[in-house]
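Colleague: Have a look at the structure that comes next, please.
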Amino acid sequence: MKFELEKVFLAVFVTVFLLIGIGFLWDNQLKHDFPYGYLASDSFQHQVRAESIKDAGNYRNEAPYIVFGIENVIGYYPPVLYHLSVLFSYASGLPVYDTVYFIPFFGAMIAALLIFFLIRSFNRQVAILALPFSVLVFAGALYTGFTWGHWPSLTSQFFLAAFIWSLGRFDLKKHWILPSFFFSAIIMTHTSEAIFAGLFLMLYLGHSWLIKDLDKKKLLNVVKMALLTAVLSSYYLIIFRGIWMVRQPFQFNVVKAWGAPLLFAADFKALWIFLAVGIITSAWLIKKKEFFVPLVSIALLLFGYTNYLGFTDRAFQLRFFWPITLAFLFGMGIYQLGKVLIKSWKTVYSVAIAAVFLVLLTTTSTAIYPTYQKIISQGLMDNGHWEGLGWIAKNTPQDAKVYFLYGDIYSQDALLRNVKRMHFLVVPDDYIQAINDREIKQRYETEQPGDGGGGAAQRTALLGFEFPTDDPERRPLNGEADICIFDYYIVDKAASQPALAQYNILLANEMLKTGWIKPVFENEIMVILKNENPGADCIEERNF
Amino acid sequence: MKSAIFEKLKKEAPYLGMVLIVLIILFKAVFFKESFLTVLRTAFSIFWLWILPGYAIMLYWQNLSFLERAVAGTAVGMAVSGIGGYYLGLIGLNLKFHAALLPILIIGITLAFLWKQPASESEEKEPAPAQE
């Protein structure tokens, strides 16, 4: 068998990419006892939705416990990531909470390889040299794209990379079917990336026109591609048009920050030496067909700044994949600088230099350039909470109402949906005020968490939707509530502020005095109480 | 007369096997604390759900190296099974059957479509990179 250095390096790269991306984060295990390495509420939002689709066997409707207990809410979130994770779960035997987290990492790895092959069609040495840059998707702010749950966006960007690869490798003159598949997948995974795919398509056509490569056949194939895409995604696009474009319409708005760590191009620091050389040396190709590859990097760099043009946080999300989409500029920069010293370039040089950069970007820690930052954390969830939430899901009636007293992790409220029942949560500020006032009350400020982005839309006709949460009678609870009306209470026994946990236990003991509220589950983390007489006074209000 | 696709499949079957083996080794290296059985099943699931159906679809586009087709095919397999799974679920086929049926469906339809493909259309050489 012929020894191929390039393929060996590819195998090493893929191993390192997965090892530093998900391997260490997941404690080098595939299967976990609970959602592992989940660092934010959004992660649970996607995990719960995927679980609910698996339970239902389809994504016709949202599970009521996701949307404030409202029935017959149409499944309105882009569905592809969830279906991939459910299929993968059935085939692999891994829990959905593992498969839905795995897919964005796997997609990023495939995207890095597709961009590698795209660059390779331009220059093999540049492709090899570019590859290590991709590992920076796991550097600092960018890693939060994975750990904080921007999974649909990341998976959609993987399809965006595949879409771009298909345009570059085939040219729309020859084929339009593959770009249609990928464009549809972008729309049905995280629709906002479709705007960037569309913008890139226009740039591609503009460049084709510039190099006099835009003919009737290419335009006709664009139309065919658009038609097939419309057919494949039409059902979901109707939902998107009727729900998302109504509830969250585009508004011109310059946004300079969002509620998550943010990467700016300047954060590549010293690596800009290579990126800048890459941009400059690519510029002379602008009137050649080969400019397609530099165009990808330059376009995606600019798209990442469309937060100044009204694309708000969607532009920030696009930056998560910059290390993959800008990799060409990095490789090109090294190659052009290297060519000054070495006239006769060999693949072994590229592999050696790329290996050095792979080591530098993954094992060093310096302020001079960004590097991979290892995260080892089980995340927000733990065995005790997971066991308790699961107990509710398995052992209570479907219409049970669950009330969460204070818990350190409950502010990340999407995780509460794992009870798979309508649920409510005490507002911590009111709770703390009650502790300060040394009061035991029956009414506390309460919120009803849920996914309100789509207004819990119900379909009234093929193109018609109504939004129950707009009806004041059906709005989610957000205010003072009598806590004795609920069926089950989740009582955490420990908290970072011991006074909060002690107050939980005080309240629980008050409720137990009634005789009709009884403990039905207990572990080292929590107690679950069952109220057999919901609505009856269950707490004697007093000071303590 | 033997189909060109049949010949291609015969030729590339060992490569496909190698992809599966590499995937298993790679996954065992990354998830070294996991049991071999779980690693094996996970790697095989990826192979079955996405790599094989994607490879079948990519047989239509022969002017790429096997490796590039396998990687791109994985992306195609994910796109098609994600979209297909959604619609099949909507029309009433419970998702629990998809992991077995969807790859068979995709591979079956693709091979049926490609079976009569003349050799001249399916046998092209890999284009050389623009520069070395």
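Within each chain, counting starts at residue 1; across the structure tokens, chains are named A, B, ... in the order shown, with ligands numbered 1 upward in that order.
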Hey, what's within 12 Å of A:Ile22 if we count only C-alpha atoms and toss same-chain stuff fewer than 5 positions away? As a ChimeraX atom specification, please?
Modeller: /A:14-17,27-30,36-38,98-99,101-109,135,137-138,143,146-147,374-377 /B:27,30-31
Colleague: Show me, as JSON lines, the residues of chain B having an atom within 7 Å of chain A, each with the closest atom pair and its distance in Å, using only C-alpha atoms.
Modeller:
{"residue": "B:Leu26", "atom": "CA", "partner": "A:Thr15", "partner_atom": "CA", "distance": 6.0}
{"residue": "B:Val30", "atom": "CA", "partner": "A:Leu19", "partner_atom": "CA", "distance": 5.0}
{"residue": "B:Phe31", "atom": "CA", "partner": "A:Asn28", "partner_atom": "CA", "distance": 4.0}
{"residue": "B:Phe32", "atom": "CA", "partner": "A:Asn28", "partner_atom": "CA", "distance": 5.8}
{"residue": "B:Lys33", "atom": "CA", "partner": "A:Gln29", "partner_atom": "CA", "distance": 5.4}
{"residue": "B:Glu34", "atom": "CA", "partner": "A:Gln29", "partner_atom": "CA", "distance": 4.8}
{"residue": "B:Arg41", "atom": "CA", "partner": "A:Ser92", "partner_atom": "CA", "distance": 5.5}
{"residue": "B:Thr42", "atom": "CA", "partner": "A:Ser92", "partner_atom": "CA", "distance": 4.8}
{"residue": "B:Ser45", "atom": "CA", "partner": "A:Ala91", "partner_atom": "CA", "distance": 5.4}
{"residue": "B:Glu68", "atom": "CA", "partner": "A:Phe117", "partner_atom": "CA", "distance": 6.7}
{"residue": "B:Val71", "atom": "CA", "partner": "A:Ile110", "partner_atom": "CA", "distance": 6.6}
{"residue": "B:Ala72", "atom": "CA", "partner": "A:Leu114", "partner_atom": "CA", "distance": 6.7}
{"residue": "B:Ala75", "atom": "CA", "partner": "A:Ala162", "partner_atom": "CA", "distance": 6.8}
{"residue": "B:Ala79", "atom": "CA", "partner": "A:Ala185", "partner_atom": "CA", "distance": 5.3}
{"residue": "B:Val80", "atom": "CA", "partner": "A:Phe181", "partner_atom": "CA", "distance": 6.8}
{"residue": "B:Gly82", "atom": "CA", "partner": "A:Val80", "partner_atom": "CA", "distance": 4.7}
{"residue": "B:Ile83", "atom": "CA", "partner": "A:Val80", "partner_atom": "CA", "distance": 6.0}
{"residue": "B:Gly85", "atom": "CA", "partner": "A:His83", "partner_atom": "CA", "distance": 6.2}
{"residue": "B:Tyr86", "atom": "CA", "partner": "A:His83", "partner_atom": "CA", "distance": 6.4}
{"residue": "B:Gly89", "atom": "CA", "partner": "A:Asn58", "partner_atom": "CA", "distance": 4.5}
{"residue": "B:Leu90", "atom": "CA", "partner": "A:Arg60", "partner_atom": "CA", "distance": 5.9}
{"residue": "B:Asn94", "atom": "CA", "partner": "A:Gly57", "partner_atom": "CA", "distance": 4.6}
{"residue": "B:Leu95", "atom": "CA", "partner": "A:Gly57", "partner_atom": "CA", "distance": 4.7}
{"residue": "B:Lys96", "atom": "CA", "partner": "A:Tyr90", "partner_atom": "CA", "distance": 6.6}
{"residue": "B:His98", "atom": "CA", "partner": "A:Leu87", "partner_atom": "CA", "distance": 6.5}
{"residue": "B:Ala99", "atom": "CA", "partner": "A:Leu87", "partner_atom": "CA", "distance": 5.2}
{"residue": "B:Pro129", "atom": "CA", "partner": "A:Ser121", "partner_atom": "CA", "distance": 4.4}
{"residue": "B:Ala130", "atom": "CA", "partner": "A:Phe122", "partner_atom": "CA", "distance": 4.8}
{"residue": "B:Gln131", "atom": "CA", "partner": "A:Asn123", "partner_atom": "CA", "distance": 4.6}
{"residue": "B:Glu132", "atom": "CA", "partner": "A:Arg124", "partner_atom": "CA", "distance": 5.6}
Colleague: Dump C-alpha atoms for the selected residues as an mmCIF file, in the first residue's frame?
Modeller:
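Ended up saving to part_8.cif:
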data_model
loop_
_atom_site.group_PDB
_atom_site.id
_atom_site.type_symbol
_atom_site.label_atom_id
_atom_site.label_comp_id
_atom_site.auth_asym_id
_atom_site.auth_seq_id
_atom_site.Cartn_x
_atom_site.Cartn_y
_atom_site.Cartn_z
ATOM 1 C CA LEU B 26 -10.468 7.226 15.442
ATOM 2 C CA VAL B 30 -10.935 10.121 20.998
ATOM 3 C CA PHE B 31 -13.349 8.374 23.366
ATOM 4 C CA PHE B 32 -10.827 6.004 24.891
ATOM 5 C CA LYS B 33 -12.752 5.647 28.173
ATOM 6 C CA GLU B 34 -15.791 4.310 26.327
ATOM 7 C CA ARG B 41 -22.012 0.832 17.413
ATOM 8 C CA THR B 42 -21.580 4.620 17.243
ATOM 9 C CA SER B 45 -24.307 4.206 13.030
ATOM 10 C CA GLU B 68 -13.613 13.678 -1.178
ATOM 11 C CA VAL B 71 -16.579 13.293 3.049
ATOM 12 C CA ALA B 72 -18.998 15.248 0.853
ATOM 13 C CA ALA B 75 -22.690 15.941 4.364
ATOM 14 C CA ALA B 79 -28.817 16.795 4.593
ATOM 15 C CA VAL B 80 -31.021 14.235 2.878
ATOM 16 C CA GLY B 82 -32.464 15.193 8.074
ATOM 17 C CA ILE B 83 -34.940 16.562 5.548
ATOM 18 C CA GLY B 85 -36.783 12.150 8.251
ATOM 19 C CA TYR B 86 -38.788 15.301 8.929
ATOM 20 C CA GLY B 89 -42.387 11.702 10.232
ATOM 21 C CA LEU B 90 -45.005 14.244 9.194
ATOM 22 C CA ASN B 94 -42.688 6.978 13.249
ATOM 23 C CA LEU B 95 -39.074 8.099 13.676
ATOM 24 C CA LYS B 96 -38.158 4.848 15.397
ATOM 25 C CA HIS B 98 -36.163 5.728 10.206
ATOM 26 C CA ALA B 99 -32.731 4.616 11.366
ATOM 27 C CA PRO B 129 -5.492 20.539 -8.126
ATOM 28 C CA ALA B 130 -4.962 23.921 -9.767
ATOM 29 C CA GLN B 131 -1.457 24.204 -8.352
ATOM 30 C CA GLU B 132 0.871 21.862 -6.560
#
Colleague: With distances taken over only C-alpha atoms, which of B:Thr74, B:Ser3, B:Asn63, B:Thr38 is nearest to B:Val19?
Modeller: B:Thr74
Colleague: Using only C-alpha atoms, which residue out of B:Met18, B:Ile109, B:Leu9, B:Ala43 lies closest to B:Leu59?
Modeller: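 Of the candidates, the smallest distance to B:Leu59 is held by B:Leu9.
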Colleague: Distance atom CA of A:Met225-atom CA of A:Asp171, one decimal place?
Modeller: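 A separation of 12.2 Å between them.
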Colleague: By how many Å are atom CA of A:Val67 and atom CA of A:Tyr431 apart?
Modeller: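 These two atoms are separated by 25.1 Å.
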Colleague: Between B:Phe113, B:Tyr55, B:Trp48, B:Trp61, which has the minimum distance to B:Ala13 (counting only C-alpha atoms)?
Modeller: B:Tyr55
Colleague: Pick the closest to A:Ala434 from A:Phe330, A:Ala499, A:Leu295, A:Pro323: which is it, counting only C-alpha atoms?
Modeller: A:Ala499
Colleague: Could you write out, as a PyMOL selection string, all the residues of stretch 132-332 of chain A that DSSP marks as helix (DSSP H, G or I)?
Modeller: chain A and resi 132-138+140-147+151-170+177-187+192-210+216-247+265-283+289-303+306-309+312-325+327-332
Colleague: Between atom CA of A:Trp151 and atom CA of A:Tyr403, what is the spacing in Å?
Modeller: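 Result for atom CA of A:Tyr403 versus atom CA of A:Trp151: 29.0 Å, one decimal.
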Colleague: Would you give me, as a PyMOL selection string, the residues in stretch 322-544 of chain A that DSSP reads as strand (DSSP E or B)?
Modeller: chain A and resi 379+401-404+422-426+439-440+443-447+458-459+465-466+478-482+488-492+517-522+526-531+542-543
Colleague: Residues of the last selection are to be written out with N, CA and C atoms, as a short mmCIF file (atom, residue, chain, number, x, y, z; two decimals), in the first residue's frame.
Modeller:
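Saved as out.cif:
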data_model
loop_
_atom_site.label_atom_id
_atom_site.label_comp_id
_atom_site.auth_asym_id
_atom_site.auth_seq_id
_atom_site.Cartn_x
_atom_site.Cartn_y
_atom_site.Cartn_z
N GLY A 379 -20.72 20.43 33.43
CA GLY A 379 -21.75 21.38 33.04
C GLY A 379 -22.76 21.62 34.15
N LYS A 401 -49.01 19.61 37.29
CA LYS A 401 -48.34 20.91 37.30
C LYS A 401 -47.23 20.86 38.35
N VAL A 402 -46.03 21.20 37.91
CA VAL A 402 -44.86 21.05 38.77
C VAL A 402 -44.33 22.42 39.17
N TYR A 403 -44.02 22.57 40.45
CA TYR A 403 -43.51 23.86 40.93
C TYR A 403 -42.08 23.68 41.45
N PHE A 404 -41.19 24.49 40.93
CA PHE A 404 -39.79 24.45 41.36
C PHE A 404 -39.54 25.54 42.40
N MET A 422 -46.10 20.56 32.55
CA MET A 422 -46.20 22.00 32.71
C MET A 422 -45.49 22.38 34.01
N HIS A 423 -44.65 23.40 33.96
CA HIS A 423 -43.84 23.69 35.14
C HIS A 423 -43.76 25.19 35.42
N PHE A 424 -43.50 25.48 36.68
CA PHE A 424 -43.48 26.86 37.17
C PHE A 424 -42.27 27.00 38.08
N LEU A 425 -41.84 28.24 38.23
CA LEU A 425 -40.60 28.46 38.96
C LEU A 425 -40.73 29.69 39.84
N VAL A 426 -40.31 29.57 41.09
CA VAL A 426 -40.35 30.73 41.97
C VAL A 426 -39.31 31.76 41.49
N GLU A 439 -40.14 35.71 56.50
CA GLU A 439 -41.56 35.41 56.26
C GLU A 439 -41.73 34.06 55.60
N ILE A 440 -42.80 33.36 55.96
CA ILE A 440 -43.23 32.18 55.20
C ILE A 440 -44.57 32.56 54.60
N ARG A 443 -48.09 32.79 48.86
CA ARG A 443 -48.03 33.37 47.51
C ARG A 443 -46.63 33.93 47.26
N TYR A 444 -46.06 33.50 46.14
CA TYR A 444 -44.73 33.99 45.77
C TYR A 444 -44.76 34.44 44.31
N GLU A 445 -43.86 35.37 44.02
CA GLU A 445 -43.68 35.74 42.61
C GLU A 445 -43.24 34.48 41.86
N THR A 446 -43.95 34.23 40.77
CA THR A 446 -43.75 32.97 40.05
C THR A 446 -43.68 33.25 38.55
N GLU A 447 -42.86 32.48 37.86
CA GLU A 447 -42.86 32.59 36.40
C GLU A 447 -43.13 31.22 35.80
N GLN A 458 -50.47 28.20 16.64
CA GLN A 458 -51.32 27.09 16.19
C GLN A 458 -51.75 27.37 14.76
N ARG A 459 -51.84 26.31 13.98
CA ARG A 459 -52.20 26.49 12.56
C ARG A 459 -53.71 26.59 12.44
N PHE A 465 -51.92 31.21 10.84
CA PHE A 465 -51.49 30.84 12.19
C PHE A 465 -52.07 31.83 13.19
N GLU A 466 -52.35 31.34 14.39
CA GLU A 466 -52.73 32.26 15.46
C GLU A 466 -51.79 32.02 16.64
N ASN A 478 -46.93 35.02 35.00
CA ASN A 478 -45.76 35.80 35.36
C ASN A 478 -46.18 36.81 36.42
N GLY A 479 -46.16 36.39 37.65
CA GLY A 479 -46.60 37.27 38.73
C GLY A 479 -46.82 36.45 39.98
N GLU A 480 -47.50 37.07 40.94
CA GLU A 480 -47.69 36.38 42.21
C GLU A 480 -48.65 35.20 42.04
N ALA A 481 -48.32 34.08 42.64
CA ALA A 481 -49.18 32.90 42.52
C ALA A 481 -49.27 32.16 43.85
N ASP A 482 -50.43 31.54 44.06
CA ASP A 482 -50.63 30.70 45.23
C ASP A 482 -49.90 29.38 44.97
N TYR A 488 -47.00 18.99 42.19
CA TYR A 488 -45.70 18.48 42.66
C TYR A 488 -44.78 19.67 42.95
N TYR A 489 -43.90 19.48 43.92
CA TYR A 489 -42.92 20.51 44.28
C TYR A 489 -41.52 19.91 44.22
N ILE A 490 -40.62 20.63 43.55
CA ILE A 490 -39.23 20.20 43.52
C ILE A 490 -38.48 21.05 44.54
N VAL A 491 -37.90 20.37 45.51
CA VAL A 491 -37.25 21.08 46.61
C VAL A 491 -35.76 20.70 46.63
N ASP A 492 -34.90 21.63 46.25
CA ASP A 492 -33.46 21.36 46.31
C ASP A 492 -32.99 21.43 47.77
N ILE A 517 -49.73 16.73 51.69
CA ILE A 517 -48.53 16.89 50.84
C ILE A 517 -47.47 15.96 51.40
N LYS A 518 -47.01 15.06 50.52
CA LYS A 518 -46.13 13.99 51.01
C LYS A 518 -44.88 13.85 50.13
N PRO A 519 -43.77 13.44 50.72
CA PRO A 519 -42.59 13.18 49.87
C PRO A 519 -42.79 11.91 49.04
N VAL A 520 -42.48 12.00 47.78
CA VAL A 520 -42.64 10.81 46.93
C VAL A 520 -41.30 10.39 46.29
N PHE A 521 -40.32 11.27 46.40
CA PHE A 521 -39.00 10.94 45.84
C PHE A 521 -37.96 11.72 46.61
N GLU A 522 -36.86 11.10 46.84
CA GLU A 522 -35.76 11.83 47.50
C GLU A 522 -34.43 11.24 47.08
N MET A 526 -32.29 16.46 46.00
CA MET A 526 -33.64 17.06 46.07
C MET A 526 -34.68 16.14 46.71
N VAL A 527 -35.79 16.78 47.07
CA VAL A 527 -36.98 16.03 47.51
C VAL A 527 -38.10 16.45 46.57
N ILE A 528 -38.94 15.50 46.21
CA ILE A 528 -40.13 15.84 45.43
C ILE A 528 -41.35 15.57 46.31
N LEU A 529 -42.19 16.60 46.41
CA LEU A 529 -43.40 16.47 47.22
C LEU A 529 -44.60 16.36 46.30
N LYS A 530 -45.56 15.55 46.73
CA LYS A 530 -46.81 15.44 45.96
C LYS A 530 -47.95 16.07 46.76
N ASN A 531 -48.71 16.91 46.09
CA ASN A 531 -49.85 17.58 46.73
C ASN A 531 -51.12 16.82 46.34
N ARG A 542 -46.56 33.08 58.27
CA ARG A 542 -46.06 33.55 59.57
C ARG A 542 -44.63 34.05 59.41
N ASN A 543 -44.12 34.59 60.48
CA ASN A 543 -42.71 34.96 60.49
C ASN A 543 -41.93 33.87 61.24
#
Colleague: Quick one: residues within 10 Å of B:Ile106, only C-alpha atoms, excluding same-chain residues fewer than 3 positions away - as a PyMOL selection string?
Modeller: chain B and resi 49+52-54+56-57+77+80-81+84+101-103+109-112
Colleague: Counting only C-alpha atoms, which residue out of A:Lys256, A:Trp391, A:Leu380, A:Gly455 sits closest to A:Glu62?
Modeller: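 Looking at the shortest contact to A:Glu62, the residue is A:Gly455.
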